[in-house]
Amino acid sequence: MLKSVKSYSIATPAIIALAMVANGVSTNSANANEIANTNSSLEQISEYNQTQPMGQVTSVSQLRDVSPTDWAFEALRSLVERYGCIVGYPDRTFRGNRALSRYEFAAGLNACMQQMERLIAASEAVTREDIEKLKRLMAEFETELAALGARVDNLEGRVAFLEDHQFSTTTKLKGEVIMAFTGFGSNSQGNDQFTLSDRVRLTLDTSFTGKDRLRTRLAAGNVPRIRTQTGNQTASTQARLNFEQFTGDAGNDVVLDRVYYTTPIGDKFKFWVGTAMLSEDIYETFSPYTESSGTGSLSRALRFNPVLYRNSGEAGIGVKYKFNKTFDVTASYLAGNNNSAANPNQGNGLFNGVYSAGVQFGIHPSKNLDFGIGYMFAYDNANNVGGGLTPVGALNNELRGVFVESHNVGLQGNWRISPKFNVSGWGGYSDLNDPSNGGANADLWTFALNLSMLDLLKEGAVLTVGGGMLPYINDVGNATLGGTTSWIVEGNYNYPVTDNISITPGVYAVFNPNQNSSNDTAVVGVIRSVFKF
């Protein structure tokens with residue numbers, strides 16, 4: 001890769017030259033003395049840069065005297081906002097009336113070449129059109145680039161690097177691999193058990209305008225669903241892992257588990273449409289340090305509000321409208337599970353199978369305080385209400401395995417108390433009704449609180465302690481169940497070993513699984529290692 005022998009700030013007149021080339025206008029030619037006397041020219045550039053201190057510009061709007069009607073505006077936007085390689089004066093003016101030498105232009109060109117290399121190395125998109133433009137500019141300013149120490153003998157190799165090291169000019173490839181050692185007891189057979197499992201995800205994010213995103217994700221995993229013994233009752237699934245994913249009959253089959261497109265519409269609207277997306281892809285969950293399955297909570301129960309963001313549906317639409325910085329509203333309609341929305345048979349499809357439809361109002365009083373109020377109507381198997389954390393044994397025969405309509409309400413919030421301390425939590429209620437004649441109904445309640453200490457022992461590290469009441473069924477039909485409440489408590493420490501590797505050891509416990517004090521406490525210990533690229 002090409003390296004410059006000296007680093008130069010880009011004089012503002014270089015911006016003019018870049019814009020002129022982009023618009024087909026020639027720059028001033030260097031005279032014979034300039035070309036012959038390289039050292040003198042370099043001293044001139046250095047002197048100019050010292051007498052005209054400059055600050056980084058990140059947006060065209062920061063240059064006060066450039067308006068959208070100016071001929072250089074489009075060129076500035078392309079270079080400044082796309083690649084961030086141009087600088088302006090500290091007073092944010094654009095002094096475009098100064099004469100430009102070819103050496104000043106070359107200094108700006110060299111800086112943009114380096115910036116484009118950095119973007120490629122970071123898997124950022126660089127358009128082929130811009131690479132072709134770079135080729136033409138390098139050929140035109142070969143002599144001046146050589147004078148700046150840009151090693152012209154390797155220019156073709158440098159361009160080849162830009163072209164060959166891009167995955168795509170429109171698509172970013174990201175990967176995540178989880179390997180987890182898990183120990184828990186007792187399992188559904190009454191024994192303590194230890195497992196070593198994995199989950200792999202490859203995500204392709206494609207943008208056509210720079211603001212939209214088409215997400216396609218491939219996944220494979222053999223992380224099992226933890227079932228703990230509950231005596232003579234149905235085994236409890238309330239101790240499930242946050243990163244659970246078991247694909248195929250034997251595990252680790254490759255599946256397509258995300259396909260959706262999102263784009264802004266004007267300044268206020270954002271729109272989603274997809275055939276494989278979940279509520280969590282659309283709604284803000286107000287749980288910033290527990291919502292990630294890779295770096296968040298270890299337990300499924302403490303990730304985010306299960307009565308809102310764990311309802312059925314994977315194919316449909318979503319929309320968000322932002323009134324201002326304080327208020328916004330998000331709505332969605334999602335249908336189907338396991339590709340049933342694409343199934344034309346009775347009881348499937350977009351409107352004849354399981355589905356959910358909801359709305360959430362987001363309120364942001366300050367930069368450190370946010371909360372949301374949401375409602376979700378869903379039609380699904382009663383066992384799945386509450387994100388699969390429902391105490392199935394408490395549903396008894398009246399609702400267990402029955403398809404029900406549920407009205408789900410949630411209040412969730414997040415408060416950044418200080419730079420090092422954050423608290424988030426939620427409360428939720430579900431009203432379940434069997435729509436068949438004389439069908440039973442049930443009430444379900446849940447709440448949780450998570451406390452996070454940030455940058456503990458190392459920047460980026462997070463210690464989280466949380467707990468709450470697992471979905472609790474108060475009554476089914478005419479029978480008031482009461483009974484013992486199921487509780488969960490968790491502690492975990494996410495430690496970033498490097499920018500791409502993190503380790504999260506932790507433990508959580510479920511007390512009174514399936515709302516029965518006779519059931520043994522389920523204890524789960526986890527060491528989760530995450531590798532990202």
# chains A, B, ... in the order shown; residues from 1 in each chain; ligands from 1
$ residues_around --residues "Gly372 of chain A" --least-positions-apart "2" --cutoff "10 Å" --atoms "only C-alpha atoms" --output "count of residues only"
20
$ select_by_dssp --residues "segment 345-407 of chain A" --states "helix (DSSP H, G or I)" --output "ChimeraX atom specification"
/A:382-384,392-399
$ write_last_selection --atoms "all heavy atoms" --output "JSON list (two decimals), in the first residue's frame"
[["chain", "number", "residue", "atom", "x", "y", "z"],
["A", 382, "ALA", "N", -51.13, -19.79, 22.98],
["A", 382, "ALA", "CA", -51.00, -19.22, 24.33],
["A", 382, "ALA", "C", -49.64, -19.53, 24.95],
["A", 382, "ALA", "O", -49.13, -18.74, 25.76],
["A", 382, "ALA", "CB", -52.11, -19.74, 25.23],
["A", 383, "ASN", "N", -49.03, -20.64, 24.56],
["A", 383, "ASN", "CA", -47.71, -20.99, 25.10],
["A", 383, "ASN", "C", -46.65, -19.97, 24.72],
["A", 383, "ASN", "O", -45.61, -19.87, 25.38],
["A", 383, "ASN", "CB", -47.28, -22.36, 24.58],
["A", 383, "ASN", "CG", -48.17, -23.48, 25.07],
["A", 383, "ASN", "OD1", -49.20, -23.24, 25.70],
["A", 383, "ASN", "ND2", -47.79, -24.71, 24.79],
["A", 384, "ASN", "N", -46.87, -19.21, 23.62],
["A", 384, "ASN", "CA", -45.87, -18.26, 23.13],
["A", 384, "ASN", "C", -46.05, -16.86, 23.68],
["A", 384, "ASN", "O", -45.18, -16.01, 23.49],
["A", 384, "ASN", "CB", -45.91, -18.20, 21.60],
["A", 384, "ASN", "CG", -45.55, -19.53, 20.97],
["A", 384, "ASN", "OD1", -44.76, -20.29, 21.52],
["A", 384, "ASN", "ND2", -46.12, -19.81, 19.81],
["A", 392, "VAL", "N", -45.98, -22.49, 31.45],
["A", 392, "VAL", "CA", -46.93, -23.34, 30.73],
["A", 392, "VAL", "C", -47.77, -24.18, 31.68],
["A", 392, "VAL", "O", -48.97, -24.39, 31.47],
["A", 392, "VAL", "CB", -46.16, -24.24, 29.73],
["A", 392, "VAL", "CG1", -47.13, -25.18, 29.02],
["A", 392, "VAL", "CG2", -45.43, -23.39, 28.71],
["A", 393, "GLY", "N", -47.15, -24.64, 32.76],
["A", 393, "GLY", "CA", -47.91, -25.45, 33.70],
["A", 393, "GLY", "C", -49.07, -24.70, 34.32],
["A", 393, "GLY", "O", -50.11, -25.29, 34.64],
["A", 394, "ALA", "N", -48.94, -23.38, 34.46],
["A", 394, "ALA", "CA", -50.01, -22.59, 35.07],
["A", 394, "ALA", "C", -51.16, -22.34, 34.10],
["A", 394, "ALA", "O", -52.25, -21.95, 34.53],
["A", 394, "ALA", "CB", -49.44, -21.25, 35.56],
["A", 395, "LEU", "N", -50.97, -22.55, 32.82],
["A", 395, "LEU", "CA", -52.06, -22.34, 31.86],
["A", 395, "LEU", "C", -53.13, -23.42, 32.00],
["A", 395, "LEU", "O", -54.26, -23.24, 31.55],
["A", 395, "LEU", "CB", -51.50, -22.35, 30.43],
["A", 395, "LEU", "CG", -50.71, -21.11, 30.00],
["A", 395, "LEU", "CD1", -50.08, -21.35, 28.63],
["A", 395, "LEU", "CD2", -51.60, -19.88, 29.96],
["A", 396, "ASN", "N", -52.80, -24.54, 32.58],
["A", 396, "ASN", "CA", -53.63, -25.74, 32.71],
["A", 396, "ASN", "C", -54.30, -26.11, 31.39],
["A", 396, "ASN", "O", -53.98, -25.54, 30.34],
["A", 396, "ASN", "CB", -54.64, -25.63, 33.88],
["A", 396, "ASN", "CG", -55.69, -24.54, 33.69],
["A", 396, "ASN", "OD1", -56.28, -24.43, 32.63],
["A", 396, "ASN", "ND2", -55.92, -23.76, 34.74],
["A", 397, "ASN", "N", -55.19, -27.02, 31.41],
["A", 397, "ASN", "CA", -55.73, -27.58, 30.17],
["A", 397, "ASN", "C", -56.65, -26.61, 29.42],
["A", 397, "ASN", "O", -56.98, -26.85, 28.26],
["A", 397, "ASN", "CB", -56.49, -28.88, 30.45],
["A", 397, "ASN", "CG", -55.55, -29.98, 30.92],
["A", 397, "ASN", "OD1", -54.38, -30.00, 30.54],
["A", 397, "ASN", "ND2", -56.05, -30.89, 31.75],
["A", 398, "GLU", "N", -57.11, -25.55, 30.06],
["A", 398, "GLU", "CA", -58.05, -24.64, 29.40],
["A", 398, "GLU", "C", -57.38, -23.81, 28.31],
["A", 398, "GLU", "O", -58.00, -23.47, 27.31],
["A", 398, "GLU", "CB", -58.69, -23.72, 30.44],
["A", 398, "GLU", "CG", -59.62, -24.42, 31.40],
["A", 398, "GLU", "CD", -60.36, -23.43, 32.27],
["A", 398, "GLU", "OE1", -61.25, -22.73, 31.74],
["A", 398, "GLU", "OE2", -60.05, -23.35, 33.48],
["A", 399, "LEU", "N", -56.09, -23.45, 28.51],
["A", 399, "LEU", "CA", -55.42, -22.59, 27.53],
["A", 399, "LEU", "C", -54.12, -23.18, 26.99],
["A", 399, "LEU", "O", -53.59, -22.65, 26.01],
["A", 399, "LEU", "CB", -55.12, -21.22, 28.15],
["A", 399, "LEU", "CG", -56.31, -20.27, 28.33],
["A", 399, "LEU", "CD1", -55.87, -18.98, 29.00],
["A", 399, "LEU", "CD2", -56.97, -19.97, 26.98]]
$ select_by_dssp --residues "segment 215-450 of chain A" --states "strand (DSSP E or B)" --output "PyMOL selection string"
chain A and resi 215-223+228+236+241+245-246+255-265+269-276+299+315-322+327-335+355-366+369-381+403-418+421-433+441-450
$ residues_around --residues "Asn516 of chain A" --least-positions-apart "3" --cutoff "7 Å" --atoms "only C-alpha atoms" --output "PyMOL selection string"
chain A and resi 483-484+512-513+519
$ write_last_selection --atoms "C-alpha atoms" --output "PDB file, in the first residue's frame"
ATOM      1  CA  GLY A 483     -49.601 -19.412  43.824  1.00  0.00           C
ATOM      2  CA  THR A 484     -45.935 -18.561  43.991  1.00  0.00           C
ATOM      3  CA  ASN A 512     -40.037 -21.108  41.656  1.00  0.00           C
ATOM      4  CA  PRO A 513     -40.122 -22.152  37.968  1.00  0.00           C
ATOM      5  CA  ASN A 519     -39.832 -26.839  41.884  1.00  0.00           C
TER       6      ASN A 519
END
